[in-house]
Amino acid sequence: MSAYKHVLIGLDLQPESQQVVERVKSLFPESSLLRTLMHVQEPLSFAYGGDIPMDLTEVQNQLEEQARERLAVVGKELGIPPENQHVIIGQPAHEMHRFASDNNVDLIVVGSHGRHGLSLILGSTATGVLHGSQCDVLAVKV
């Protein structure tokens with residue numbers, strides 16, 4: 001695994017994310033490796049499609065701040081400094097691809113929930129990251 005120089009760790013910040021964190025700790029304990037944490041939060045307007053006639057900016061800002069706080073806890077556990085912790089608003093797979101391309105990432109690590117049935121057909125973040133990535137992807141089964 002030492003061939004990797006920059007690993008992007010994409011977390012959804014659900015309790016199962018700890019399994020991804022543990023896998024990263026076991027595979028990449030060396031401090032010479034650049035590790036970046038990322039949480040991509042979909043805009044509330046994506047979820048509600050403009051059906052709610054109100055300004056969701058304050059709610060979006062609160063969710064973003066909560067994500068930053070939770071990411072900081074994981075960053076501390078992994079020894080990843082704040083400047084390498086990112087909360088981004090957008091579509092998760094797209095934003096991870098963009099970040100990886102712009103920052104010379106050579107491995108993306110994400111959790112995979114092993115979806116079945118309709119959710120498998122509709123896709124998941126891990127599937128989206130895998131199929132559009134220009135670098136290696138490690139999907140950790142959670």
# chains A, B, ... in the order shown; residues from 1 in each chain; ligands from 1
>>> residues_around(residues="Glu69 (chain A)", least_positions_apart="3", cutoff="12 Å", atoms="only C-alpha atoms", output="list in words")
Leu13, His39, Gln62, Leu63, Glu64, Glu65, Gln66, Ala72, Val73, Val74, Gly75, Lys76, Pro82, Gln85, His86 and Val87 of chain A
>>> select_by_dssp(residues="region 34-141 of chain A", states="alpha helix (DSSP H)", output="ChimeraX atom specification")
/A:44-48,57-78,92-102,118-122,125-132
>>> write_last_selection(atoms="C-alpha atoms", output="compact mmCIF listing (two decimals), in the first residue's frame")
# COMPACT_ATOMS: atom_id res chain seq x y z
CA LEU A 44 -31.26 20.66 0.98
CA SER A 45 -32.65 22.01 -2.29
CA PHE A 46 -31.61 18.67 -3.90
CA ALA A 47 -33.52 16.72 -1.29
CA TYR A 48 -36.67 18.80 -1.46
CA THR A 57 -30.00 28.59 4.17
CA GLU A 58 -29.87 28.68 7.97
CA VAL A 59 -30.68 24.96 8.25
CA GLN A 60 -28.04 24.16 5.59
CA ASN A 61 -25.47 26.24 7.50
CA GLN A 62 -26.26 24.45 10.77
CA LEU A 63 -25.92 21.03 9.11
CA GLU A 64 -22.62 22.10 7.58
CA GLU A 65 -21.29 23.27 10.96
CA GLN A 66 -22.34 20.00 12.61
CA ALA A 67 -20.54 18.09 9.85
CA ARG A 68 -17.37 20.16 10.41
CA GLU A 69 -17.47 19.39 14.12
CA ARG A 70 -17.92 15.65 13.54
CA LEU A 71 -15.20 15.62 10.88
CA ALA A 72 -12.83 17.38 13.30
CA VAL A 73 -13.29 14.55 15.81
CA VAL A 74 -12.37 11.98 13.14
CA GLY A 75 -9.48 14.17 11.98
CA LYS A 76 -8.09 14.24 15.49
CA GLU A 77 -8.40 10.45 15.76
CA LEU A 78 -6.52 9.97 12.49
CA PRO A 92 -20.88 13.31 -3.30
CA ALA A 93 -19.40 11.25 -6.16
CA HIS A 94 -18.93 14.30 -8.39
CA GLU A 95 -17.25 16.35 -5.66
CA MET A 96 -14.91 13.50 -4.69
CA HIS A 97 -13.91 13.04 -8.34
CA ARG A 98 -13.29 16.77 -8.74
CA PHE A 99 -11.25 17.00 -5.55
CA ALA A 100 -9.24 13.89 -6.41
CA SER A 101 -8.43 15.23 -9.86
CA ASP A 102 -7.53 18.73 -8.63
CA LEU A 118 -34.04 -1.00 -5.90
CA SER A 119 -31.37 0.94 -4.03
CA LEU A 120 -28.72 -1.02 -5.93
CA ILE A 121 -30.35 -0.18 -9.26
CA LEU A 122 -30.56 3.50 -8.35
CA THR A 125 -22.22 6.97 -3.49
CA ALA A 126 -19.61 4.20 -3.44
CA THR A 127 -20.77 2.96 -6.86
CA GLY A 128 -20.72 6.50 -8.24
CA VAL A 129 -17.23 7.10 -6.91
CA LEU A 130 -15.97 3.82 -8.32
CA HIS A 131 -17.37 4.23 -11.81
CA GLY A 132 -16.25 7.79 -12.41
>>> residues_around(residues="Ser17 (chain A)", least_positions_apart="2", cutoff="12 Å", atoms="only C-alpha atoms", output="list in words")
Ile9, Gly10, Leu11, Asp12, Leu13, Gln14, Pro15, Gln19, Val20, Val21, Glu22, Arg23, Val24, Leu37, Met38, His39, Arg70, Leu71, Val74, Val109, Val110, Gly111, Ser112, His113, Ala139, Val140, Lys141 and Val142 of chain A
>>> closest_residue(among="A:Arg35, A:Asp106, A:Val7, A:Leu56", to="Gly79 (chain A)", atoms="only C-alpha atoms")
A:Arg35
>>> atom_distance(atom1="CA of Tyr4 (chain A)", atom2="CA of Leu27 (chain A)")
11.0 Å
>>> decode(residues="region 8-21 of chain A", atoms="all heavy atoms", output="mmCIF file, in the first residue's frame")
data_model
loop_
_atom_site.group_PDB
_atom_site.id
_atom_site.type_symbol
_atom_site.label_atom_id
_atom_site.label_comp_id
_atom_site.auth_asym_id
_atom_site.auth_seq_id
_atom_site.Cartn_x
_atom_site.Cartn_y
_atom_site.Cartn_z
ATOM 1 N N LEU A 8 -7.711 10.115 -0.198
ATOM 2 C CA LEU A 8 -8.919 10.876 0.132
ATOM 3 C C LEU A 8 -9.888 9.937 0.822
ATOM 4 O O LEU A 8 -10.250 8.892 0.275
ATOM 5 C CB LEU A 8 -9.558 11.451 -1.135
ATOM 6 C CG LEU A 8 -10.907 12.153 -0.967
ATOM 7 C CD1 LEU A 8 -10.783 13.359 -0.042
ATOM 8 C CD2 LEU A 8 -11.454 12.569 -2.330
ATOM 9 N N ILE A 9 -10.299 10.295 2.033
ATOM 10 C CA ILE A 9 -11.205 9.469 2.828
ATOM 11 C C ILE A 9 -12.562 10.158 2.835
ATOM 12 O O ILE A 9 -12.728 11.208 3.460
ATOM 13 C CB ILE A 9 -10.673 9.287 4.259
ATOM 14 C CG1 ILE A 9 -9.240 8.754 4.228
ATOM 15 C CG2 ILE A 9 -11.603 8.384 5.066
ATOM 16 C CD1 ILE A 9 -8.407 9.136 5.428
ATOM 17 N N GLY A 10 -13.511 9.584 2.108
ATOM 18 C CA GLY A 10 -14.847 10.156 2.026
ATOM 19 C C GLY A 10 -15.757 9.508 3.055
ATOM 20 O O GLY A 10 -15.939 8.294 3.048
ATOM 21 N N LEU A 11 -16.308 10.320 3.951
ATOM 22 C CA LEU A 11 -17.151 9.798 5.024
ATOM 23 C C LEU A 11 -18.544 10.407 4.953
ATOM 24 O O LEU A 11 -18.688 11.605 4.702
ATOM 25 C CB LEU A 11 -16.545 10.125 6.392
ATOM 26 C CG LEU A 11 -15.161 9.556 6.682
ATOM 27 C CD1 LEU A 11 -14.665 10.067 8.026
ATOM 28 C CD2 LEU A 11 -15.177 8.041 6.656
ATOM 29 N N ASP A 12 -19.559 9.585 5.221
ATOM 30 C CA ASP A 12 -20.921 10.115 5.303
ATOM 31 C C ASP A 12 -21.269 10.527 6.730
ATOM 32 O O ASP A 12 -22.338 11.062 6.988
ATOM 33 C CB ASP A 12 -21.945 9.135 4.740
ATOM 34 C CG ASP A 12 -22.053 7.835 5.523
ATOM 35 O OD1 ASP A 12 -21.424 7.693 6.590
ATOM 36 O OD2 ASP A 12 -22.787 6.938 5.043
ATOM 37 N N LEU A 13 -20.371 10.283 7.667
ATOM 38 C CA LEU A 13 -20.477 10.661 9.081
ATOM 39 C C LEU A 13 -21.610 9.946 9.816
ATOM 40 O O LEU A 13 -22.023 10.380 10.883
ATOM 41 C CB LEU A 13 -20.596 12.186 9.239
ATOM 42 C CG LEU A 13 -19.382 12.966 8.715
ATOM 43 C CD1 LEU A 13 -19.620 14.461 8.831
ATOM 44 C CD2 LEU A 13 -18.113 12.560 9.446
ATOM 45 N N GLN A 14 -22.069 8.843 9.281
ATOM 46 C CA GLN A 14 -23.007 7.977 9.988
ATOM 47 C C GLN A 14 -22.181 7.114 10.946
ATOM 48 O O GLN A 14 -20.958 7.001 10.798
ATOM 49 C CB GLN A 14 -23.779 7.103 8.993
ATOM 50 C CG GLN A 14 -24.661 7.887 8.044
ATOM 51 C CD GLN A 14 -25.713 8.689 8.777
ATOM 52 O OE1 GLN A 14 -26.385 8.189 9.673
ATOM 53 N NE2 GLN A 14 -25.840 9.960 8.409
ATOM 54 N N PRO A 15 -22.815 6.476 11.936
ATOM 55 C CA PRO A 15 -22.047 5.643 12.874
ATOM 56 C C PRO A 15 -21.173 4.585 12.184
ATOM 57 O O PRO A 15 -20.080 4.276 12.657
ATOM 58 C CB PRO A 15 -23.132 4.995 13.740
ATOM 59 C CG PRO A 15 -24.266 5.971 13.704
ATOM 60 C CD PRO A 15 -24.230 6.568 12.314
ATOM 61 N N GLU A 16 -21.630 4.068 11.046
ATOM 62 C CA GLU A 16 -20.863 3.047 10.332
ATOM 63 C C GLU A 16 -19.547 3.582 9.769
ATOM 64 O O GLU A 16 -18.657 2.818 9.414
ATOM 65 C CB GLU A 16 -21.689 2.451 9.184
ATOM 66 C CG GLU A 16 -22.933 1.725 9.624
ATOM 67 C CD GLU A 16 -24.131 2.661 9.850
ATOM 68 O OE1 GLU A 16 -24.057 3.865 9.482
ATOM 69 O OE2 GLU A 16 -25.131 2.190 10.397
ATOM 70 N N SER A 17 -19.415 4.904 9.684
ATOM 71 C CA SER A 17 -18.179 5.500 9.181
ATOM 72 C C SER A 17 -16.974 5.105 10.015
ATOM 73 O O SER A 17 -15.844 5.116 9.528
ATOM 74 C CB SER A 17 -18.290 7.027 9.155
ATOM 75 O OG SER A 17 -19.210 7.457 8.201
ATOM 76 N N GLN A 18 -17.206 4.756 11.268
ATOM 77 C CA GLN A 18 -16.092 4.358 12.138
ATOM 78 C C GLN A 18 -15.377 3.130 11.579
ATOM 79 O O GLN A 18 -14.169 2.982 11.746
ATOM 80 C CB GLN A 18 -16.577 4.109 13.565
ATOM 81 C CG GLN A 18 -15.451 3.912 14.560
ATOM 82 C CD GLN A 18 -14.516 5.114 14.651
ATOM 83 O OE1 GLN A 18 -14.937 6.260 14.552
ATOM 84 N NE2 GLN A 18 -13.231 4.850 14.843
ATOM 85 N N GLN A 19 -16.102 2.264 10.889
ATOM 86 C CA GLN A 19 -15.466 1.094 10.274
ATOM 87 C C GLN A 19 -14.492 1.526 9.184
ATOM 88 O O GLN A 19 -13.425 0.922 9.014
ATOM 89 C CB GLN A 19 -16.534 0.161 9.709
ATOM 90 C CG GLN A 19 -17.415 -0.453 10.782
ATOM 91 C CD GLN A 19 -18.574 -1.226 10.196
ATOM 92 O OE1 GLN A 19 -18.430 -1.906 9.190
ATOM 93 N NE2 GLN A 19 -19.733 -1.129 10.826
ATOM 94 N N VAL A 20 -14.838 2.562 8.441
ATOM 95 C CA VAL A 20 -13.938 3.097 7.412
ATOM 96 C C VAL A 20 -12.710 3.688 8.094
ATOM 97 O O VAL A 20 -11.574 3.445 7.664
ATOM 98 C CB VAL A 20 -14.657 4.151 6.544
ATOM 99 C CG1 VAL A 20 -13.696 4.770 5.535
ATOM 100 C CG2 VAL A 20 -15.869 3.550 5.848
ATOM 101 N N VAL A 21 -12.921 4.428 9.165
ATOM 102 C CA VAL A 21 -11.818 5.038 9.901
ATOM 103 C C VAL A 21 -10.863 3.955 10.420
ATOM 104 O O VAL A 21 -9.637 4.075 10.281
ATOM 105 C CB VAL A 21 -12.353 5.904 11.068
ATOM 106 C CG1 VAL A 21 -11.228 6.364 11.978
ATOM 107 C CG2 VAL A 21 -13.138 7.088 10.524
#
